[in-house]
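Here is the structure we will look at.
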Amino acid sequence: MGTILSTQAVSKRFGDVIALDDVSLEIREGEFFTIVGPSGSGKSTLLRILAGLETPAAGRVHLRNADITDVPANRRPTCMVFQNLALFSHRSVGENIEFSQKMKGVPPHERREHALDMMRIVRLPESYYGRRVTHCSGGEQQRVALARALASDPEILFFDEPLSSIDYRLRKILEVEMKDLHRRTGKTFVYITHSLEEAMVMSDRIAIMKSGRIVQSGTPTDIYYRPTNRFVAEFMGEVNVFELAGGQIAELGIAVPAGAAGCLAVRPEFLRKLGDGERADVRFPATVANDYMLGSRTHYHLDTGKRILVAEVAAGKAAEITVGAKAEWGFDLSDAALLDE
Amino acid sequence: MRRPNPGILTMLPVLVFLLAGFVIPILVVALYSLMPPRTFDLAGSPTFTNYATAFADGYWRPLMWSALGAAATTLICLVLAWPTARALDRFAGRWATLVTLLIALPIFISESVRLFGLALFMMPGGGILAGSIDALFGVSIGTILYTRLAALLGLVYIHFPFVLFPLLLGVSLVPKDQVAAARDLGASGWQVFREIEAPLAAPGAAVGALLCFVLSLGANAEMNILGGQAVTVITNAIEQRFNYAQDWPLGAALTVLTVLLTAAVVFPVLRRIDVDSLARR
């Protein structure tokens with residue numbers, strides 16, 4: 001899989017605010033690439049630069065080997081699905097989907113056939129063709145926007161948080177549909193969101209942004225289990241972070257060979273209650289302060305006397321843990337990630 | 001005791017005003033237009049003689065000049081107002097407010113004063129424009145004063161704000177992201193205008209165009225002050241019939257024809273546009 005889209009040291013500022021600071025990334029052909037970050041992290045600006053709706057102050061953007069930094073959006077083989085979808089409110093579903101072909105001068109009957117094909121791909125009933133987009137539900141509008149973007153046959157589809165204003169249940173359904181659609185079409189998807197969950201479910205690779213910089217990129221598994229800094233570790237779900245000082249976990253006084261400074265991140269599912277004689281690289285006594293049932297798993301708050309840690313136990317093994325019970329808990333260093341700050 | 005409906009009660013003053021000031025006079029004029037020529041009461045037997053005279057005596061000419069002038073004014077104002085409205089909408093802020101104010105302020109000055117000002121500006125020889133150019137560059141230029149072109153210039157000058165402000169409202173109804181989406185889907189600047197901006201701004205454009213057309217159709221100060229004797233419009237003709245010629249029925253018939261022409265333009269447009277979308281703003 002070759003690189004289809006890349007940026008080299010792209011920067012952008014708005015007045016005194018640095019929106020993007022020396023960002024370089026490579027997006028591979030056919031992958032589902034997600035840029036995640038809190039609001040104000042620069043992810044929208046980066047997407048707009050990738051899509052050609054904004055030009056960087058410094059740095060270049062390449063499509064394969066061609067420099068497209070100064071090529072406007074309408075001359076790029078890419079298409080954007082906007083945050084609020086930006087459907088043409090005065091047009092029908094069919095007219096929306098056909099728009100790009102109409103602009104190219106494709107004759108009406110051919111456009112219609114193509115639009116109906118696109119509607120099949122996104123699973124919109126044919127009867128919706130003549131319906132006004134304003135009379136469609138949120139999920140249907142989502143599909144119209146997808147079909148409209150696909151109809152222009154772009155090499156890359158950009159998504160600017162299209163699911164952010166949709167309720168939880170429908171969002172879950174659309175996340176799955178989006179990933180299926182990606183697989184069926186084989187196109188490169190570049191998606192931005194502030195939701196880690198969304199990014200994890202759909203993406204092949206994720207880049208995490210903070211204050212205009214990419215702090216880490218990799219597969220969802222990489223990023224979840226091997227975060228390289230505290231921001232990423234904490235952004236991607238619950239985590240126990242231990243400060244290291246002088247080759248020891250400071251609060252527990254346990255020596256670790258991993259490193260002299262920085263932090264150690266341990267996901268809740270790697271903390272386990274130790275049976276008699278069971279060994280673990282790091283062990284400590286703790287009292288179960290409270291339990292939180294999450295369906296297939298349960299979260300426990302463990303009180304070590306100095307702080308609260310979070311442990312996650314699969315539903316089947318939860319029976320032996322009771323709130324208020326004091327026991328030995330521990331984890332292995334091979335399950336921990338060393339953070340550089 | 002039943003209290004009267006408060007809705008009707010609050011509407012009453014306006015109803016009375018419209019009835020006395022609009023409906024009754026229009027009906028009287030309509031009735032007069034059916035009276036025998038040069039009579040001054042409504043007792044005569046109804047006849048269409050005045051309408052026949054109106055066409056036979058060539059009164060369709062001033063009506064045509066009025067309609068042409070109004071149509072041309074509307075078109076020119078729309079073409080001029082579109083880029084202005086777009087710029088004001090895009091660069092909204094202090095400068096836009098200032099420009100808006102500069103365009104709106106003249107409305108508070110009497111129309112005749114402004115038109116005489118324009119006439120002074122265009123005056124040949126010692127006029128502001130010709131005089132300045134002569135003094136500065138020693139070049140003598142002619143003038144367009146007292147031509148149809150001058151009258152048209154006056155019409156555009158006076159009615160521009162009436163097109164601009166409704167159009168500005170219409171342009172502000174066009175969602176920016178729909179324009180961005182259209183561009184992203186490969187639309188050229190012209191295609192974005194035709195497919196997205198124009199249809200979405202249409203209610204504003206239509207309201208502005210109607211205001212301009214109706215006002216221009218009834219205008220005569222522009223012709224009198226800037227057009228001189230170059231063109232007679234229907235309002236001049238009506239005024240002459242009522243005042244100098246003392247032929248009220250013919251004047252009334254011309255008035256009715258003008259009202260019908262206005263209605264024929266206004267109602268089809270009003271039926272097609274969604275004025276509510278503007279009112280909601």
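Chain lettering (A, B, ...) mirrors the order of the structure tokens, residue numbering begins at 1 for each chain separately, and ligand numbering begins at 1 in order of display.
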Item to complete: Considering only C-alpha atoms, return as a ChimeraX atom specification whatever protein or nucleic-acid residues lie within 10 Å of A:Ile223, sequence-local ones (same chain, fewer than 6 positions apart) excluded.
Response: /A:200,205-208,216-217,232-233,236
Let me see the file: selected residues, N, CA and C atoms, as a CSV table (one decimal), in the first residue's frame.
chain,number,residue,atom,x,y,z
A,200,MET,N,-11.6,4.5,17.2
A,200,MET,CA,-11.2,3.1,17.4
A,200,MET,C,-12.0,2.1,16.6
A,205,ARG,N,-5.8,3.3,10.9
A,205,ARG,CA,-4.8,4.1,11.6
A,205,ARG,C,-5.3,5.3,12.2
A,206,ILE,N,-4.8,5.8,13.3
A,206,ILE,CA,-5.2,7.0,14.0
A,206,ILE,C,-4.0,7.9,14.2
A,207,ALA,N,-4.3,9.2,14.0
A,207,ALA,CA,-3.3,10.2,14.4
A,207,ALA,C,-3.9,11.0,15.5
A,208,ILE,N,-3.2,11.2,16.6
A,208,ILE,CA,-3.8,12.0,17.7
A,208,ILE,C,-3.1,13.4,17.8
A,216,GLN,N,1.0,11.3,18.4
A,216,GLN,CA,1.2,9.9,18.1
A,216,GLN,C,0.4,9.5,17.0
A,217,SER,N,0.9,8.5,16.2
A,217,SER,CA,0.0,7.9,15.2
A,217,SER,C,0.3,6.4,15.1
A,232,VAL,N,-1.9,11.0,25.2
A,232,VAL,CA,-2.5,9.9,24.4
A,232,VAL,C,-3.1,8.9,25.3
A,233,ALA,N,-2.4,8.5,26.4
A,233,ALA,CA,-2.8,7.4,27.3
A,233,ALA,C,-4.2,7.8,27.9
A,236,MET,N,-7.2,8.2,25.3
A,236,MET,CA,-7.8,7.0,24.8
A,236,MET,C,-8.3,6.1,25.9
Discussion item. So that I can see what lies close to stretch 222-230 of chain B, please list as a PyMOL selection string the residues with an atom at most 8 Å from it, counting only C-alpha atoms and leaving out residues fewer than 4 positions away in the same chain.
Written reply: chain B and resi 115-116+118-119+145-152+154-155
Selection from above, C-alpha atoms, as a PDB file, in the first residue's frame, can you write it?
ATOM      1  CA  LEU B 115     -32.253  64.495  -8.025  1.00  0.00           C
ATOM      2  CA  PHE B 116     -31.601  68.239  -8.330  1.00  0.00           C
ATOM      3  CA  LEU B 118     -27.598  64.966  -9.635  1.00  0.00           C
ATOM      4  CA  ALA B 119     -28.880  67.456 -12.233  1.00  0.00           C
ATOM      5  CA  LEU B 145     -28.739  65.680 -18.846  1.00  0.00           C
ATOM      6  CA  TYR B 146     -32.283  65.792 -20.244  1.00  0.00           C
ATOM      7  CA  THR B 147     -31.944  62.444 -22.008  1.00  0.00           C
ATOM      8  CA  ARG B 148     -33.547  59.070 -21.309  1.00  0.00           C
ATOM      9  CA  LEU B 149     -30.155  57.855 -20.101  1.00  0.00           C
ATOM     10  CA  ALA B 150     -30.061  60.570 -17.424  1.00  0.00           C
ATOM     11  CA  ALA B 151     -33.564  59.613 -16.295  1.00  0.00           C
ATOM     12  CA  LEU B 152     -32.546  55.959 -16.102  1.00  0.00           C
ATOM     13  CA  GLY B 154     -31.691  58.795 -11.691  1.00  0.00           C
ATOM     14  CA  LEU B 155     -34.059  55.833 -11.379  1.00  0.00           C
TER      15      LEU B 155
END
Discussion item. Could you pull out the alpha helix (DSSP H) residues of stretch 223-289 of chain A, going by DSSP on the backbone, and write them as number ranges by chain?
Written reply: A: 223-225, 230-235
Write the residues of the preceding selection, restricted to C-alpha atoms, as a compact mmCIF listing (two decimals), in the first residue's frame.
# COMPACT_ATOMS: atom_id res chain seq x y z
CA ILE A 223 -2.34 3.64 20.40
CA TYR A 224 -4.48 1.96 22.99
CA TYR A 225 -1.89 -0.41 24.39
CA ARG A 230 0.42 10.77 29.01
CA PHE A 231 -1.92 12.84 26.83
CA VAL A 232 -2.51 9.94 24.44
CA ALA A 233 -2.83 7.41 27.26
CA GLU A 234 -5.46 9.48 29.06
CA PHE A 235 -7.25 10.56 25.90
Item to complete: Up to 10 Å from chain A, what residues of chain B turn up? Count only C-alpha atoms and give them as a list in words.
Response: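 The answer, sorted by residue number, is Val174, Pro175, Lys176, Asp177, Gln178, Val179, Ala180, Ala181, Ala182, Arg183, Asp184, Leu185, Gly186, Ala187, Ser188, Gln191, Val192, Glu195, Ile196, Pro199 and Leu200 of chain B.
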C-alpha atoms of the current selection, written as a PDB file, in the first residue's frame:
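Contents of the output file result-v1.pdb:
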ATOM      1  CA  VAL B 174     -27.303  31.199   1.707  1.00  0.00           C
ATOM      2  CA  PRO B 175     -25.426  28.761   3.985  1.00  0.00           C
ATOM      3  CA  LYS B 176     -21.651  29.162   3.529  1.00  0.00           C
ATOM      4  CA  ASP B 177     -21.013  25.436   3.825  1.00  0.00           C
ATOM      5  CA  GLN B 178     -23.403  24.687   0.940  1.00  0.00           C
ATOM      6  CA  VAL B 179     -21.314  26.990  -1.231  1.00  0.00           C
ATOM      7  CA  ALA B 180     -18.133  25.246  -0.031  1.00  0.00           C
ATOM      8  CA  ALA B 181     -19.721  21.835  -0.688  1.00  0.00           C
ATOM      9  CA  ALA B 182     -20.729  22.863  -4.222  1.00  0.00           C
ATOM     10  CA  ARG B 183     -17.194  24.074  -4.964  1.00  0.00           C
ATOM     11  CA  ASP B 184     -15.778  20.861  -3.521  1.00  0.00           C
ATOM     12  CA  LEU B 185     -18.083  18.864  -5.827  1.00  0.00           C
ATOM     13  CA  GLY B 186     -16.530  20.600  -8.805  1.00  0.00           C
ATOM     14  CA  ALA B 187     -18.833  23.562  -9.432  1.00  0.00           C
ATOM     15  CA  SER B 188     -17.276  26.645 -11.038  1.00  0.00           C
ATOM     16  CA  GLN B 191     -22.258  27.178 -11.456  1.00  0.00           C
ATOM     17  CA  VAL B 192     -22.226  27.925  -7.717  1.00  0.00           C
ATOM     18  CA  GLU B 195     -27.223  26.262  -8.692  1.00  0.00           C
ATOM     19  CA  ILE B 196     -26.835  27.381  -5.077  1.00  0.00           C
ATOM     20  CA  PRO B 199     -32.009  29.976  -5.859  1.00  0.00           C
ATOM     21  CA  LEU B 200     -31.324  30.311  -2.137  1.00  0.00           C
TER      22      LEU B 200
END
Fill in: Contacts of A:Gly262 at 12 Å (only C-alpha atoms; same-chain gap of 2+ positions) as a count of residues only
24
Practice prompt. Calculate how many Å separate atom CA of A:Lys187 from atom CA of A:Leu163, rounding to one decimal.
Written response: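 Atom-to-atom, atom CA of A:Lys187 and atom CA of A:Leu163 are spaced 19.3 Å apart.
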Discussion item. According to DSSP computed on the backbone, where in stretch 109-216 of chain A is there strand (DSSP E)? Give the residues as a PyMOL selection string.
Written reply: chain A and resi 156-160+188-193+205-210+213-216
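Minimum atom-to-atom distances from B:Trp65, B:Ala219, B:Thr143, B:Leu12 to B:Gly126 were compared using only C-alpha atoms, and the lowest value belongs to B:Thr143.
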Discussion item. Give me, as a ChimeraX atom specification, all polymer residues having an atom no more than 8 Å from stretch 120-124 of chain B, counting only C-alpha atoms and skipping those fewer than 5 positions away in the same chain.
Written reply: /B:129-131,141-145
Worksheet item: Using only C-alpha atoms, which of the listed residues (A:His109, A:Ser203, A:Glu155, A:Leu170) sits closest to A:Gly138?
Response: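 Among the listed residues, A:Leu170 lies closest to A:Gly138.
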Using only C-alpha atoms, which protein or nucleic acid residues come within 10 Å of A:Leu146? Drop anything in the same chain fewer than 3 positions from it, and give the result as a compact mmCIF listing (two decimals) with C-alpha atoms, in the first residue's frame.
# COMPACT_ATOMS: atom_id res chain seq x y z
CA CYS A 79 -14.54 15.13 -1.69
CA MET A 80 -15.59 16.33 1.73
CA VAL A 81 -18.54 15.32 3.90
CA LEU A 85 -23.53 17.66 5.86
CA ILE A 97 -26.44 13.11 -5.38
CA MET A 118 -24.96 5.34 -5.30
CA MET A 119 -28.23 5.10 -3.37
CA ILE A 121 -24.40 1.48 -2.13
CA VAL A 122 -25.45 3.55 0.88
CA GLU A 140 -31.09 9.34 5.84
CA GLN A 141 -29.46 12.74 5.34
CA GLN A 142 -26.19 11.18 6.41
CA ARG A 143 -26.58 8.59 3.66
CA ALA A 149 -19.66 12.44 -2.07
CA LEU A 150 -19.27 8.97 -3.62
CA ALA A 151 -21.03 10.05 -6.81
CA LEU A 157 -13.18 11.09 0.97
CA PHE A 159 -15.17 13.54 6.80
CA PRO A 162 -20.24 14.08 10.40
CA MET A 178 -19.28 3.75 7.52
CA LEU A 181 -18.86 1.28 3.19
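Relative to atom CA of B:Ile107, atom CA of B:Leu257 is found at 29.3 Å.
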Discussion item. Here is a test: counting only C-alpha atoms, which residue of A:Ile4, A:Val23, A:Ala327, A:Leu294 is nearest to A:Ala314?
Written reply: A:Leu294
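Nearest-residue note for A:Asn290: choosing from A:Gly94, A:Gly324, A:Gly277, A:Gly218, the minimum distance belongs to A:Gly324, counting only C-alpha atoms.
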Determine, counting only C-alpha atoms, which protein, DNA and RNA residues have an atom within 10 Å of an atom of B:Ala104; residues of the same chain fewer than 3 positions away are not included. Present the result as an mmCIF file with N, CA and C atoms, in the first residue's frame.
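Dumped everything to around-v3.cif:
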data_model
loop_
_atom_site.group_PDB
_atom_site.id
_atom_site.type_symbol
_atom_site.label_atom_id
_atom_site.label_comp_id
_atom_site.auth_asym_id
_atom_site.auth_seq_id
_atom_site.Cartn_x
_atom_site.Cartn_y
_atom_site.Cartn_z
ATOM 1 N N LEU B 98 -20.334 50.406 7.939
ATOM 2 C CA LEU B 98 -20.100 51.765 7.447
ATOM 3 C C LEU B 98 -20.631 51.919 6.024
ATOM 4 N N VAL B 99 -20.306 50.948 5.185
ATOM 5 C CA VAL B 99 -20.753 51.004 3.787
ATOM 6 C C VAL B 99 -22.279 50.966 3.728
ATOM 7 N N THR B 100 -22.872 50.085 4.548
ATOM 8 C CA THR B 100 -24.325 49.988 4.594
ATOM 9 C C THR B 100 -24.933 51.337 4.962
ATOM 10 N N LEU B 101 -24.326 51.963 5.948
ATOM 11 C CA LEU B 101 -24.824 53.254 6.417
ATOM 12 C C LEU B 101 -24.747 54.296 5.304
ATOM 13 N N ILE B 107 -31.392 57.857 1.827
ATOM 14 C CA ILE B 107 -32.835 57.643 1.852
ATOM 15 C C ILE B 107 -33.514 58.689 2.733
ATOM 16 N N PHE B 108 -32.754 59.212 3.702
ATOM 17 C CA PHE B 108 -33.356 60.185 4.621
ATOM 18 C C PHE B 108 -33.384 61.594 4.057
ATOM 19 N N PHE B 160 -31.699 51.982 -5.927
ATOM 20 C CA PHE B 160 -30.681 50.983 -5.585
ATOM 21 C C PHE B 160 -30.824 50.421 -4.160
ATOM 22 N N PRO B 161 -30.991 51.288 -3.139
ATOM 23 C CA PRO B 161 -31.103 50.747 -1.769
ATOM 24 C C PRO B 161 -32.297 49.818 -1.585
ATOM 25 N N PHE B 162 -33.372 50.078 -2.326
ATOM 26 C CA PHE B 162 -34.570 49.243 -2.164
ATOM 27 C C PHE B 162 -34.338 47.820 -2.684
ATOM 28 N N LEU B 164 -30.967 46.596 -2.784
ATOM 29 C CA LEU B 164 -29.809 46.091 -2.031
ATOM 30 C C LEU B 164 -30.206 45.446 -0.707
ATOM 31 N N PHE B 165 -31.044 46.119 0.075
ATOM 32 C CA PHE B 165 -31.269 45.623 1.427
ATOM 33 C C PHE B 165 -32.057 44.310 1.485
#
